[in-house]
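Working notes for the structure below.
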Amino acid sequence: MFSYAPLMATLHKKGMTKTDLQKAIETSSATIAKISKDQYISMKILEDICRQLNCRIEDVIEFIPDEKTVSN
């Protein structure tokens, strides 16, 4: 599973809201909703976020292993 929790922390550090980010990267509210639900977004959107926030991918998304995957 992927989590966008690092993005929320990065936005907070930069004094931005999700709406600010939406406007800055010129994306839809549906994309922001997907981020809020830890759903798939394109690599292009991830790239746009990293460029806009001048950050690394690790500051946007993290991988959380599934318990089933860890035990195998």
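Identifiers in this document derive from the order of the structure tokens: chains are assigned A, B, ..., residues are numbered from 1 separately in each chain, and ligands are numbered from 1 in order of occurrence.
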
### Query
Tell me, which residues of chain A carry DSSP strand (DSSP E or B), written as a ChimeraX atom specification?
/A:2-3,62-63

Write out as a compact mmCIF listing (two decimals) with N, CA and C atoms, in the first residue's frame each polymer residue whose atoms come within 12 Å of Met8 (chain A), counting only C-alpha atoms; drop sequence neighbours fewer than 5 positions from it.
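This is the output file selection21.txt:
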# COMPACT_ATOMS: atom_id res chain seq x y z
N SER A 3 1.06 5.42 0.82
CA SER A 3 0.45 6.46 1.65
C SER A 3 1.01 7.82 1.23
N LYS A 13 4.69 21.85 6.32
CA LYS A 13 5.98 22.54 6.48
C LYS A 13 6.10 23.75 5.57
N LYS A 14 5.52 23.64 4.38
CA LYS A 14 5.61 24.72 3.40
C LYS A 14 4.47 25.73 3.53
N GLY A 15 3.58 25.50 4.51
CA GLY A 15 2.47 26.42 4.73
C GLY A 15 1.44 26.41 3.61
N MET A 16 1.27 25.24 2.99
CA MET A 16 0.32 25.11 1.88
C MET A 16 -0.83 24.20 2.25
N THR A 17 -1.95 24.40 1.61
CA THR A 17 -3.09 23.50 1.76
C THR A 17 -3.18 22.62 0.51
N LYS A 18 -4.04 21.61 0.57
CA LYS A 18 -4.25 20.78 -0.61
C LYS A 18 -4.84 21.61 -1.76
N THR A 19 -5.67 22.58 -1.42
CA THR A 19 -6.23 23.46 -2.45
C THR A 19 -5.14 24.29 -3.10
N LEU A 21 -2.05 23.41 -3.43
CA LEU A 21 -1.32 22.47 -4.28
C LEU A 21 -2.10 22.22 -5.57
N ILE A 32 -6.90 15.42 -6.15
CA ILE A 32 -6.63 15.73 -4.74
C ILE A 32 -7.42 14.78 -3.83
N ILE A 35 -5.62 11.52 -3.65
CA ILE A 35 -4.48 11.63 -2.73
C ILE A 35 -4.97 11.49 -1.29
N SER A 36 -6.06 12.14 -0.97
CA SER A 36 -6.61 12.08 0.39
C SER A 36 -7.02 10.67 0.78
N ASP A 38 -5.47 7.93 -0.41
CA ASP A 38 -4.32 7.05 -0.70
C ASP A 38 -4.57 6.17 -1.92
N ILE A 49 4.11 17.45 -8.48
CA ILE A 49 4.14 17.78 -7.05
C ILE A 49 5.57 18.01 -6.60
N LEU A 53 6.89 21.58 -5.20
CA LEU A 53 7.31 21.69 -3.81
C LEU A 53 8.83 21.65 -3.64
N GLU A 58 10.22 10.88 -1.68
CA GLU A 58 10.02 10.40 -0.32
C GLU A 58 9.27 11.41 0.54
N ASP A 59 9.27 12.67 0.10
CA ASP A 59 8.54 13.71 0.81
C ASP A 59 7.07 13.76 0.38
N VAL A 60 6.70 12.89 -0.56
CA VAL A 60 5.35 12.88 -1.11
C VAL A 60 4.63 11.57 -0.83
N ILE A 61 5.32 10.47 -0.99
CA ILE A 61 4.68 9.16 -0.91
C ILE A 61 5.60 8.17 -0.21
N GLU A 62 4.97 7.20 0.49
CA GLU A 62 5.76 6.14 1.11
C GLU A 62 5.08 4.80 0.88

### Message
Which residues are near Ile25 (chain A)? Cut-off 9 Å, only C-alpha atoms, ignore same chain within fewer than 6 positions. Put them as an MDAnalysis selection string.
### Response
chainID A and resid 45 48:49 52

### Message
Counting only C-alpha atoms, which residue out of A:Pro65, A:His12, A:Cys55, A:Gln22 sits closest to Lys34 (chain A)?
### Response
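Closest to Lys34 (chain A) of all the choices is A:Gln22.
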
### Query
Taking only C-alpha atoms into account, which of A:Phe63, A:Arg56, A:Thr31, A:Ala24 comes nearest Tyr4 (chain A)?
A:Phe63

### Query
In Å to one decimal, how far is CA of Glu26 (chain A) from CA of Ser42 (chain A)?
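We find that CA of Ser42 (chain A) and CA of Glu26 (chain A) lie 14.0 Å from each other.
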